[in-house]
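Only one structure is covered here, and it is reproduced in the block below.
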Amino acid sequence: MKIETQLRDDHQMTLVVNMEPAQLESAKRRAARRLSERRAVPGFRPGKAPYEMVLRTFGEGVVLEEAVDLLLDEIYPKALEEAKLEPAAPGRLEKVEGLEQGEPVFTFAVPLAPKVELGDYRSVRVPYEWKEPTEEEVEKAIQDMRMMSARTETVTRPVEKGDFVLIDLKGVKAKAAEGEAPLIERANMPVFVRPEPKEDEWPYSGFAHELIGAAPGETKTFTHKFPKDHPDETLKGQTVKFEATVRMVRGTILPELNDEFARQIGPFESLQALRETLKADLAARSKAEYDDEFFEKVLEAMKAGAVIKYAPQTLEEEVEQVVKDFKSRLAAQNMDLETYLKTQQMDQEKFMQEVVRPIAIKRLERSLLLDEISRAEKIEIGEEELKSSLNDLLYEMSGDEEMQKYLTGKAKMPKRLSEALTLESASRAYVRQTLKRLKLIATGNAPAQTEEAQPAADADKAAAQEKPARSRKRAPKASAGEKPAEAETGGGSANEADSPA
């Protein structure tokens, strides 16, 4: 058996295996015996028919096809071992040649395991500038909570901030022709006059504030020019003259800001306790949002200096996982993918190309980058951190009815689920530790790497790759009569992708 390899641009290896005539002949005889065991040959017991009789009974083509199947099962794993290849997914048989001449040549496409060259990632610098919420932000949050607990009553005074207003609205072009239909016309339209305008306010940000000062029964007139890129085709680039007639004003009655208010909001003994809890919650959410943006910048900067290679099959695995996750989130909202696509006026192909694929590429590359940095930095996690990570995961899942049975001891947790939770919690712990190290690196506070660190990291990487899944060494079946173009449509199933960061 002679083997030739050639690296492709898409991180796959072309593997060409040349067989000796004797190997094909031996495979044909074994194939004939197997055929005679499964299918009756007149006058002979199963498996006892002579080779020539099997050929006459089933035909040369059938025997040859069976022989090719036998050879594929045998030569592909041997060829991978001899060529020292560790595939990332099952290989694909692209073509078979030379069968008529008795010297078969098999050509495989072998997807290689992803490879990451980090570059000088330790030189990346991104300042970490998160700040605690200000007292003004805490006060605004308190006022928002007062607004949520407020009651309303009908008033006869002019509109003020915080009021709920019922209006009749008409909007026409500023230079509309006589008899031209209004662009906007609504009766009994409810409007909340927020203290601060919202970006997504309809029909434009700041509209509700135009009503301030108008008394019930009064009509207020004002104009607004919509931008040329406005999403509403009828309003795009138009200067619109609005007439808003106030039908009713309901004023907001805010509760007193005292300890009693705090006790009504939740388990707080005093207004000060509510403030402290609220400030801590604001800080946690603010820090989480800032960290997301911070690590986004750090990873993008490190990725810019890295070389990340992976086969198309590896990306397709991630694409499948993104779709699976997306469907799961939709299901939690009692919606399926088909309904969602209709609401977005998007077909399946556009969804895959414009939404799913970019997300999959980003997730995959970041996951590979984090994994490689974790190895290079020799990230380790202790037993206590593993326990903490597992407890956090179980807490997240405690709302699930099925999980409640396991957590309360009413049912025994299946071994497979227990192992999956352990792996997931370990993965999260590694990611957290790696992100902590990234923060130290980006801010210039990381400890210096020792000379032993990189060789050890390389050894860890080699150890991780020592046990490839057995299924990765299997080639897809292809009949002896297949043409190259037909054989190219074959392929093994994809393996599950690593969890993205």
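Numbering starts fresh at 1 for the residues of each chain in the structure tokens, the chains themselves are lettered A, B, ... in the order given, and ligands are numbered from 1 as they appear.
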
(request) Could you find all residues in range 155-201 of chain A that DSSP calls strand (DSSP E) from the backbone, and write them as a ChimeraX atom specification? (result) /A:155,164-173,184-192

Generate the output file for the selected residues, N, CA and C atoms, as a compact mmCIF listing (two decimals), in the first residue's frame.
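Done, and the output landed in part17.txt:
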```txt
# COMPACT_ATOMS: atom_id res chain seq x y z
N VAL A 155 -56.97 64.04 35.39
CA VAL A 155 -56.76 65.42 35.82
C VAL A 155 -57.20 66.38 34.72
N PHE A 164 -50.05 59.88 31.56
CA PHE A 164 -50.59 59.03 30.50
C PHE A 164 -51.64 59.87 29.78
N VAL A 165 -51.54 59.94 28.45
CA VAL A 165 -52.39 60.83 27.67
C VAL A 165 -53.09 60.03 26.57
N LEU A 166 -54.34 60.38 26.31
CA LEU A 166 -55.10 59.80 25.21
C LEU A 166 -55.31 60.89 24.17
N ILE A 167 -54.87 60.64 22.93
CA ILE A 167 -54.93 61.69 21.90
C ILE A 167 -55.53 61.16 20.61
N ASP A 168 -56.02 62.09 19.79
CA ASP A 168 -56.33 61.83 18.38
C ASP A 168 -55.19 62.45 17.59
N LEU A 169 -54.59 61.69 16.68
CA LEU A 169 -53.41 62.16 15.97
C LEU A 169 -53.62 62.10 14.47
N LYS A 170 -53.21 63.18 13.82
CA LYS A 170 -53.21 63.21 12.36
C LYS A 170 -51.91 63.83 11.89
N GLY A 171 -51.28 63.18 10.89
CA GLY A 171 -50.04 63.69 10.34
C GLY A 171 -50.12 63.75 8.83
N VAL A 172 -49.89 64.94 8.26
CA VAL A 172 -49.95 65.13 6.81
C VAL A 172 -48.63 65.72 6.33
N LYS A 173 -48.37 65.58 5.05
CA LYS A 173 -47.18 66.21 4.49
C LYS A 173 -47.25 67.72 4.72
N ILE A 184 -50.49 59.72 8.55
CA ILE A 184 -50.79 59.08 9.83
C ILE A 184 -52.15 59.58 10.32
N GLU A 185 -52.99 58.67 10.78
CA GLU A 185 -54.27 59.08 11.35
C GLU A 185 -54.72 58.02 12.36
N ARG A 186 -54.76 58.42 13.64
CA ARG A 186 -55.14 57.48 14.70
C ARG A 186 -56.05 58.17 15.70
N ALA A 187 -57.05 57.46 16.16
CA ALA A 187 -57.97 57.96 17.18
C ALA A 187 -57.73 57.23 18.49
N ASN A 188 -57.92 57.96 19.61
CA ASN A 188 -57.75 57.38 20.95
C ASN A 188 -56.41 56.66 21.10
N MET A 189 -55.37 57.33 20.72
CA MET A 189 -54.02 56.76 20.78
C MET A 189 -53.41 57.03 22.15
N PRO A 190 -53.03 55.97 22.92
CA PRO A 190 -52.43 56.18 24.24
C PRO A 190 -50.95 56.58 24.12
N VAL A 191 -50.53 57.50 24.94
CA VAL A 191 -49.14 57.96 24.95
C VAL A 191 -48.68 58.10 26.40
N PHE A 192 -47.50 57.59 26.70
CA PHE A 192 -46.90 57.79 28.01
C PHE A 192 -45.78 58.82 27.87
```

(request) Mind listing the alpha helix (DSSP H) residues of range 196-397 of chain A, per DSSP on the backbone, as a ChimeraX atom specification? (result) /A:259-265,271-304,312-332,337-343,348-351,357-376,383-396

(message) Just checking: using only C-alpha atoms, which residue out of A:Ser149, A:Ser389, A:Ser398, A:Thr221 ends up closest to Thr422 in chain A?
(response)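 So, comparing all the options, the nearest one is A:Ser389.
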
(request) Compile the contact shell of Glu402 in chain A as a count of residues only: residues with an atom at most 12 Å away, counting only C-alpha atoms, same-chain residues fewer than 3 positions apart removed. (result) 14
